[in-house]
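query_34.tsv follows; it contains TSV, C-alpha atoms.
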chain	number	residue	atom	x	y	z
A	16	ALA	CA	75.86	-83.77	-104.80
A	17	THR	CA	75.57	-80.92	-107.27
A	18	VAL	CA	78.71	-78.90	-108.01
A	19	PRO	CA	78.49	-75.69	-110.12
A	20	PHE	CA	81.09	-75.37	-112.85
A	21	PRO	CA	82.69	-71.98	-113.59
A	22	ALA	CA	80.70	-70.31	-116.36
A	23	THR	CA	82.51	-69.19	-119.50
A	24	ALA	CA	80.05	-66.31	-119.96
A	25	SER	CA	77.50	-64.58	-117.81
A	26	SER	CA	74.71	-66.25	-119.75
A	27	THR	CA	76.12	-69.79	-119.28
A	28	ASN	CA	75.57	-72.04	-116.28
A	29	LEU	CA	76.86	-75.62	-115.96
A	30	GLN	CA	76.05	-78.04	-113.17
A	31	TYR	CA	77.42	-81.56	-112.54
A	32	THR	CA	75.18	-83.98	-110.67
A	33	SER	CA	76.68	-87.25	-109.42
A	34	THR	CA	74.43	-90.29	-109.13
A	35	GLY	CA	76.58	-91.98	-106.49
A	36	ASN	CA	78.60	-95.12	-107.14
A	37	SER	CA	76.88	-96.15	-110.36
A	38	GLY	CA	79.55	-94.57	-112.54
A	39	MET	CA	76.98	-92.26	-114.18
A	40	ALA	CA	76.79	-88.49	-114.04
A	41	THR	CA	74.44	-85.82	-115.34
A	42	ILE	CA	75.56	-82.53	-116.83
A	43	HIS	CA	72.92	-79.79	-116.94
A	44	ALA	CA	73.65	-76.84	-119.22
A	45	SER	CA	71.71	-73.61	-119.56
A	46	LEU	CA	72.73	-71.31	-122.42
A	47	LEU	CA	70.64	-68.20	-122.57
A	48	PRO	CA	67.91	-69.92	-120.49
A	49	SER	CA	65.10	-68.48	-122.59
A	50	ILE	CA	66.49	-70.33	-125.63
A	51	VAL	CA	68.38	-73.49	-124.52
A	52	ASP	CA	67.99	-75.66	-121.43
A	53	THR	CA	69.25	-79.21	-121.87
A	54	THR	CA	70.50	-82.15	-119.82
A	55	ALA	CA	72.96	-84.88	-120.92
A	56	THR	CA	74.03	-88.05	-119.16
A	57	VAL	CA	77.58	-89.35	-119.56
A	58	GLN	CA	79.42	-92.47	-118.42
A	59	ILE	CA	82.30	-91.98	-115.98
A	60	GLY	CA	84.56	-95.02	-115.80
A	61	ASN	CA	86.24	-96.42	-112.73
A	62	LEU	CA	90.04	-96.70	-112.84
A	63	ALA	CA	91.14	-100.33	-113.07
A	64	ILE	CA	94.19	-102.37	-114.07
A	65	THR	CA	93.21	-104.38	-117.14
A	66	THR	CA	96.29	-106.56	-117.60
A	67	PRO	CA	95.23	-110.20	-117.06
A	68	SER	CA	96.94	-112.54	-114.61
A	69	PRO	CA	99.20	-114.38	-115.00
A	70	LEU	CA	101.54	-112.18	-116.96
A	71	PRO	CA	103.53	-113.79	-119.80
A	72	SER	CA	106.19	-115.97	-118.21
A	73	GLY	CA	109.88	-115.15	-118.22
A	74	THR	CA	112.95	-117.37	-117.95
A	75	VAL	CA	115.98	-117.04	-115.71
A	76	GLY	CA	118.82	-115.43	-117.64
A	77	VAL	CA	116.62	-114.23	-120.53
A	78	ALA	CA	115.69	-110.55	-121.03
A	79	TYR	CA	112.05	-109.81	-120.16
A	80	SER	CA	109.75	-106.99	-121.31
A	81	GLN	CA	106.05	-106.43	-120.63
A	82	THR	CA	103.87	-103.31	-120.34
A	83	LEU	CA	100.90	-103.13	-117.98
A	84	THR	CA	97.58	-101.58	-119.02
A	85	ALA	CA	94.77	-99.74	-117.25
A	86	SER	CA	91.53	-97.96	-118.17
A	87	GLY	CA	88.66	-95.97	-116.70
A	88	GLY	CA	90.50	-92.88	-115.50
A	89	PRO	CA	91.94	-89.78	-117.17
A	90	THR	CA	95.49	-90.18	-118.44
A	91	PRO	CA	98.40	-89.96	-117.98
A	92	TYR	CA	98.78	-92.98	-115.70
A	93	THR	CA	101.66	-93.40	-113.27
A	94	TRP	CA	102.69	-96.92	-112.22
A	95	GLN	CA	104.56	-98.30	-109.25
A	96	LEU	CA	104.68	-101.32	-106.99
A	97	ALA	CA	102.20	-101.31	-104.14
A	98	SER	CA	103.70	-100.90	-100.69
A	99	GLY	CA	105.36	-104.11	-99.51
A	100	SER	CA	105.38	-105.76	-102.94
A	101	SER	CA	108.43	-106.62	-105.04
A	102	LEU	CA	109.26	-107.94	-108.49
A	103	PRO	CA	111.32	-111.07	-109.08
A	104	ALA	CA	115.04	-110.34	-108.72
A	105	GLY	CA	116.49	-108.67	-111.81
A	106	LEU	CA	113.25	-106.95	-112.92
A	107	THR	CA	112.12	-103.32	-112.51
A	108	ILE	CA	109.02	-101.30	-113.44
A	109	ASP	CA	109.06	-97.68	-114.61
A	110	SER	CA	106.35	-95.03	-114.23
A	111	THR	CA	104.80	-95.96	-117.59
A	112	GLY	CA	104.11	-99.53	-116.44
A	113	HIS	CA	106.93	-101.09	-118.45
A	114	ILE	CA	108.52	-104.11	-116.74
A	115	THR	CA	112.04	-104.87	-117.96
A	116	GLY	CA	115.21	-106.66	-116.94
A	117	THR	CA	116.79	-110.09	-116.86
A	118	PRO	CA	115.41	-112.27	-114.06
A	119	THR	CA	117.95	-114.12	-111.95
A	120	VAL	CA	115.69	-116.22	-109.72
A	121	ALA	CA	112.67	-118.41	-110.51
A	122	ALA	CA	109.37	-117.15	-109.10
A	123	ASN	CA	105.66	-117.80	-109.26
A	124	ALA	CA	104.19	-115.44	-106.66
A	125	PRO	CA	101.71	-112.57	-107.17
A	126	VAL	CA	103.05	-109.02	-107.44
A	127	THR	CA	100.77	-106.11	-106.48
A	128	PHE	CA	100.91	-103.15	-108.84
A	129	GLN	CA	99.43	-99.68	-108.31
A	130	VAL	CA	98.34	-97.20	-110.96
A	131	THR	CA	97.42	-93.54	-110.39
A	132	ASP	CA	95.51	-91.39	-112.90
A	133	SER	CA	95.72	-87.62	-113.45
A	134	THR	CA	93.11	-86.96	-110.74
A	135	SER	CA	95.15	-88.94	-108.17
A	136	ALA	CA	92.62	-91.81	-108.18
A	137	GLN	CA	94.37	-95.13	-107.61
A	138	ALA	CA	93.78	-98.80	-108.42
A	139	THR	CA	95.74	-101.91	-107.49
A	140	ALA	CA	95.85	-105.50	-108.73
A	141	ALA	CA	97.85	-108.59	-107.78
A	142	LEU	CA	99.26	-110.26	-110.90
A	143	VAL	CA	101.28	-113.46	-111.00
A	144	LEU	CA	104.56	-113.10	-112.90
A	145	PRO	CA	105.99	-116.59	-113.51
A	146	ILE	CA	109.76	-116.82	-113.94
A	147	LEU	CA	110.84	-120.27	-115.09
A	148	PRO	CA	114.17	-121.83	-114.12
A	149	VAL	CA	116.52	-123.30	-116.71
A	150	ILE	CA	117.14	-127.05	-116.64
A	151	THR	CA	120.74	-128.26	-116.88
A	152	PRO	CA	122.02	-130.15	-118.66
A	153	PRO	CA	119.43	-129.56	-121.42
A	154	VAL	CA	120.64	-132.54	-123.46
A	155	LEU	CA	121.74	-135.89	-122.03
A	156	THR	CA	123.52	-138.69	-123.86
A	157	ALA	CA	123.28	-142.34	-122.83
A	158	THR	CA	124.57	-145.48	-124.55
A	159	GLN	CA	122.51	-148.64	-124.93
A	160	GLY	CA	123.72	-151.35	-122.52
A	161	THR	CA	125.99	-148.97	-120.58
A	162	PRO	CA	125.17	-147.84	-117.03
A	163	PHE	CA	124.15	-144.19	-117.02
A	164	SER	CA	123.71	-141.53	-114.34
A	165	ALA	CA	123.13	-137.76	-114.56
A	166	THR	CA	121.78	-135.22	-112.10
A	167	LEU	CA	119.39	-132.55	-113.29
A	168	ALA	CA	119.51	-129.01	-111.90
A	169	ALA	CA	117.17	-126.02	-112.22
A	170	VAL	CA	119.14	-122.78	-112.50
A	171	GLY	CA	117.48	-119.94	-110.63
A	172	THR	CA	115.86	-122.00	-107.89
A	173	THR	CA	116.72	-122.06	-104.20
A	174	GLY	CA	116.20	-124.65	-101.50
A	175	SER	CA	115.36	-128.32	-101.94
A	176	LEU	CA	113.60	-129.52	-105.10
A	177	THR	CA	111.49	-132.56	-105.89
A	178	TRP	CA	111.61	-133.98	-109.41
A	179	THR	CA	109.02	-136.15	-111.18
A	180	LEU	CA	108.15	-136.91	-114.78
A	181	ALA	CA	105.26	-134.78	-116.02
A	182	SER	CA	102.06	-136.62	-116.80
A	183	GLY	CA	102.28	-138.63	-120.03
A	184	ASN	CA	106.10	-138.50	-120.22
A	185	THR	CA	108.48	-141.47	-120.13
A	186	LEU	CA	112.23	-142.04	-120.17
A	187	PRO	CA	113.95	-144.57	-122.44
A	188	THR	CA	113.54	-148.17	-121.26
A	189	GLY	CA	115.88	-148.98	-118.38
A	190	LEU	CA	116.18	-145.42	-117.04
A	191	SER	CA	114.33	-143.78	-114.15
A	192	LEU	CA	114.16	-140.37	-112.45
A	193	SER	CA	114.57	-140.07	-108.69
A	194	PRO	CA	112.93	-137.31	-106.58
A	195	ALA	CA	116.41	-135.79	-106.22
A	196	GLY	CA	116.62	-135.26	-109.98
A	197	VAL	CA	118.98	-138.16	-110.75
A	198	ILE	CA	118.37	-140.05	-113.99
A	199	SER	CA	120.04	-143.44	-113.75
A	200	GLY	CA	119.95	-147.00	-115.03
A	201	THR	CA	121.12	-148.98	-118.05
A	202	PRO	CA	119.32	-148.18	-121.30
A	203	SER	CA	118.00	-151.41	-122.82
A	204	GLY	CA	115.45	-150.31	-125.38
A	205	PRO	CA	115.97	-149.47	-129.04
A	206	PRO	CA	118.17	-146.43	-129.72
A	207	VAL	CA	116.42	-143.03	-129.85
A	208	ALA	CA	117.76	-139.67	-131.00
A	209	ASN	CA	117.22	-136.67	-128.73
A	210	ALA	CA	113.87	-137.85	-127.39
A	211	PRO	CA	112.35	-134.93	-125.45
A	212	PHE	CA	110.83	-135.44	-122.02
A	213	THR	CA	109.21	-133.03	-119.55
A	214	VAL	CA	109.84	-133.05	-115.83
A	215	GLN	CA	107.88	-131.44	-113.01
A	216	VAL	CA	110.00	-129.54	-110.49
A	217	LYS	CA	108.57	-128.52	-107.10
A	218	ASP	CA	110.29	-126.48	-104.43
A	219	GLY	CA	109.68	-126.59	-100.70
A	220	GLY	CA	106.68	-124.32	-101.09
A	221	ALA	CA	105.06	-126.80	-103.49
A	222	GLN	CA	105.28	-124.39	-106.41
A	223	GLY	CA	105.58	-126.49	-109.57
A	224	THR	CA	107.34	-125.78	-112.86
A	225	GLN	CA	107.51	-127.96	-115.95
A	226	LEU	CA	110.80	-128.10	-117.83
A	227	THR	CA	111.80	-130.00	-120.94
A	228	ALA	CA	115.09	-131.72	-121.78
A	229	SER	CA	116.09	-134.42	-124.26
A	230	LEU	CA	117.94	-137.70	-123.99
Take the structure I supplied and represent it as structure tokens, if you would.
Amino acid sequence: ATVPFPATASSTNLQYTSTGNSGMATIHASLLPSIVDTTATVQIGNLAITTPSPLPSGTVGVAYSQTLTASGGPTPYTWQLASGSSLPAGLTIDSTGHITGTPTVAANAPVTFQVTDSTSAQATAALVLPILPVITPPVLTATQGTPFSATLAAVGTTGSLTWTLASGNTLPTGLSLSPAGVISGTPSGPPVANAPFTVQVKDGGAQGTQLTASL
């Protein structure tokens, strides 16, 4: 379609010609037609959210801050959550795309964001915002030759959890980790000081999180 622009003088005529969905446009200008008659082609971008997924992870109980980005449309941009979408508990987003707050619950689900440019064009994107739980206790102490038992917990999770050692990780000789998160046994190997180990925690929805503690 060709749309005439308002002329700034009686001798000036501007026309905008769209080439469809290619993102290109042609501007035809005539200034004193007997002297100047020229055509220029410009690139018109498509509005899009450019923040990659997943977003940087947060941790339950720790302040979080992240700003979303977009491009391709005229600014200013206005941000909000898409209809039916929600952020992890404890977080909010303002109109500038700034996500802030202190998460209270672990999460690993996509959140759909919507951005609107100054022409009311809109774009949406589903971005995963991982919120990691906190393992307790973070440090365990066992004595060689003495029966030991401790139950791990992941603060910020809900429902039943399944615990396993992450690939390549081991506990001190004589100790084992049950699916319920109980580390038990009688340490029999040589003494170690604060040896870190990483566990894999899965909830009922099979979403997995790796957490590290030391023993």
Gln81 in chain A: which residues within 8 Å, counting only C-alpha atoms, same-chain residues fewer than 5 positions away excluded, as a VMD selection string? chain A and resid 71 113 to 115
Can you list, as a PDB file with C-alpha atoms, in the coordinates of the input, every protein, DNA or RNA residue that comes within 12 Å of Pro153 in chain A when you count all atoms listed in the file, leaving out same-chain residues fewer than 4 positions away?
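Done, and the output landed in part.pdb:
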ATOM      1  CA  PRO A 148     114.170-121.830-114.120  1.00  0.00           C
ATOM      2  CA  VAL A 149     116.520-123.300-116.710  1.00  0.00           C
ATOM      3  CA  ALA A 165     123.130-137.760-114.560  1.00  0.00           C
ATOM      4  CA  THR A 166     121.780-135.220-112.100  1.00  0.00           C
ATOM      5  CA  LEU A 167     119.390-132.550-113.290  1.00  0.00           C
ATOM      6  CA  ALA A 168     119.510-129.010-111.900  1.00  0.00           C
ATOM      7  CA  ALA A 169     117.170-126.020-112.220  1.00  0.00           C
ATOM      8  CA  VAL A 170     119.140-122.780-112.500  1.00  0.00           C
ATOM      9  CA  ASN A 209     117.220-136.670-128.730  1.00  0.00           C
ATOM     10  CA  ALA A 210     113.870-137.850-127.390  1.00  0.00           C
ATOM     11  CA  PRO A 211     112.350-134.930-125.450  1.00  0.00           C
ATOM     12  CA  PHE A 212     110.830-135.440-122.020  1.00  0.00           C
ATOM     13  CA  THR A 213     109.210-133.030-119.550  1.00  0.00           C
ATOM     14  CA  VAL A 214     109.840-133.050-115.830  1.00  0.00           C
ATOM     15  CA  LEU A 226     110.800-128.100-117.830  1.00  0.00           C
ATOM     16  CA  THR A 227     111.800-130.000-120.940  1.00  0.00           C
ATOM     17  CA  ALA A 228     115.090-131.720-121.780  1.00  0.00           C
ATOM     18  CA  SER A 229     116.090-134.420-124.260  1.00  0.00           C
ATOM     19  CA  LEU A 230     117.940-137.700-123.990  1.00  0.00           C
TER      20      LEU A 230
END
Between A:Phe163, A:Ala140, A:Thr173, A:Thr224, which has the minimum distance to Ser191 in chain A (counting all atoms listed in the file)? A:Phe163
Which neighbours of Thr172 in chain A fall inside 8 Å, counting only C-alpha atoms, when residues of the same chain fewer than 4 positions from it are skipped, and could you give them as a tab-separated table (two decimals) with C-alpha atoms, in the frame of the given file?
chain	number	residue	atom	x	y	z
A	120	VAL	CA	115.69	-116.22	-109.72
A	121	ALA	CA	112.67	-118.41	-110.51
A	148	PRO	CA	114.17	-121.83	-114.12
A	218	ASP	CA	110.29	-126.48	-104.43
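Across the model, the gap from CA of Val197 in chain A to CA of Ala181 in chain A is 15.1 Å.
One distance worth recording is that between CA of Asp109 in chain A and CA of Leu147 in chain A, which is 22.7 Å.
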Could you please determine the separation between CA of Gly116 in chain A and CA of Pro91 in chain A in Å, to one decimal place? 23.7 Å
Give as a list in words every residue, naming chains and numbers as the document does, that has an atom within 10 Å of (104.6, -114.4, -119.9), counting all atoms listed in the file. Ser68, Pro69, Leu70, Pro71, Ser72, Gly73, Thr74, Tyr79, Ser80, Gln81, Val143, Leu144, Pro145, Ile146 and Leu147 of chain A
Keeping C-alpha atoms for every residue in the selection just given, could you write it to a file as a compact mmCIF listing (two decimals), keeping the file's coordinate frame?
# COMPACT_ATOMS: atom_id res chain seq x y z
CA SER A 68 96.94 -112.54 -114.61
CA PRO A 69 99.20 -114.38 -115.00
CA LEU A 70 101.54 -112.18 -116.96
CA PRO A 71 103.53 -113.79 -119.80
CA SER A 72 106.19 -115.97 -118.21
CA GLY A 73 109.88 -115.15 -118.22
CA THR A 74 112.95 -117.37 -117.95
CA TYR A 79 112.05 -109.81 -120.16
CA SER A 80 109.75 -106.99 -121.31
CA GLN A 81 106.05 -106.43 -120.63
CA VAL A 143 101.28 -113.46 -111.00
CA LEU A 144 104.56 -113.10 -112.90
CA PRO A 145 105.99 -116.59 -113.51
CA ILE A 146 109.76 -116.82 -113.94
CA LEU A 147 110.84 -120.27 -115.09
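If only C-alpha atoms are the atoms counted, then among A:Thr177, A:Ser135, A:Thr82, A:Asn123 the closest residue to Leu102 in chain A is A:Asn123.
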Selection near Gln95 in chain A, 12 Å with all atoms listed in the file, sequence-local residues under 4 positions removed, as a PyMOL selection string: chain A and resi 83+99-102+107-114+126-132+137-140
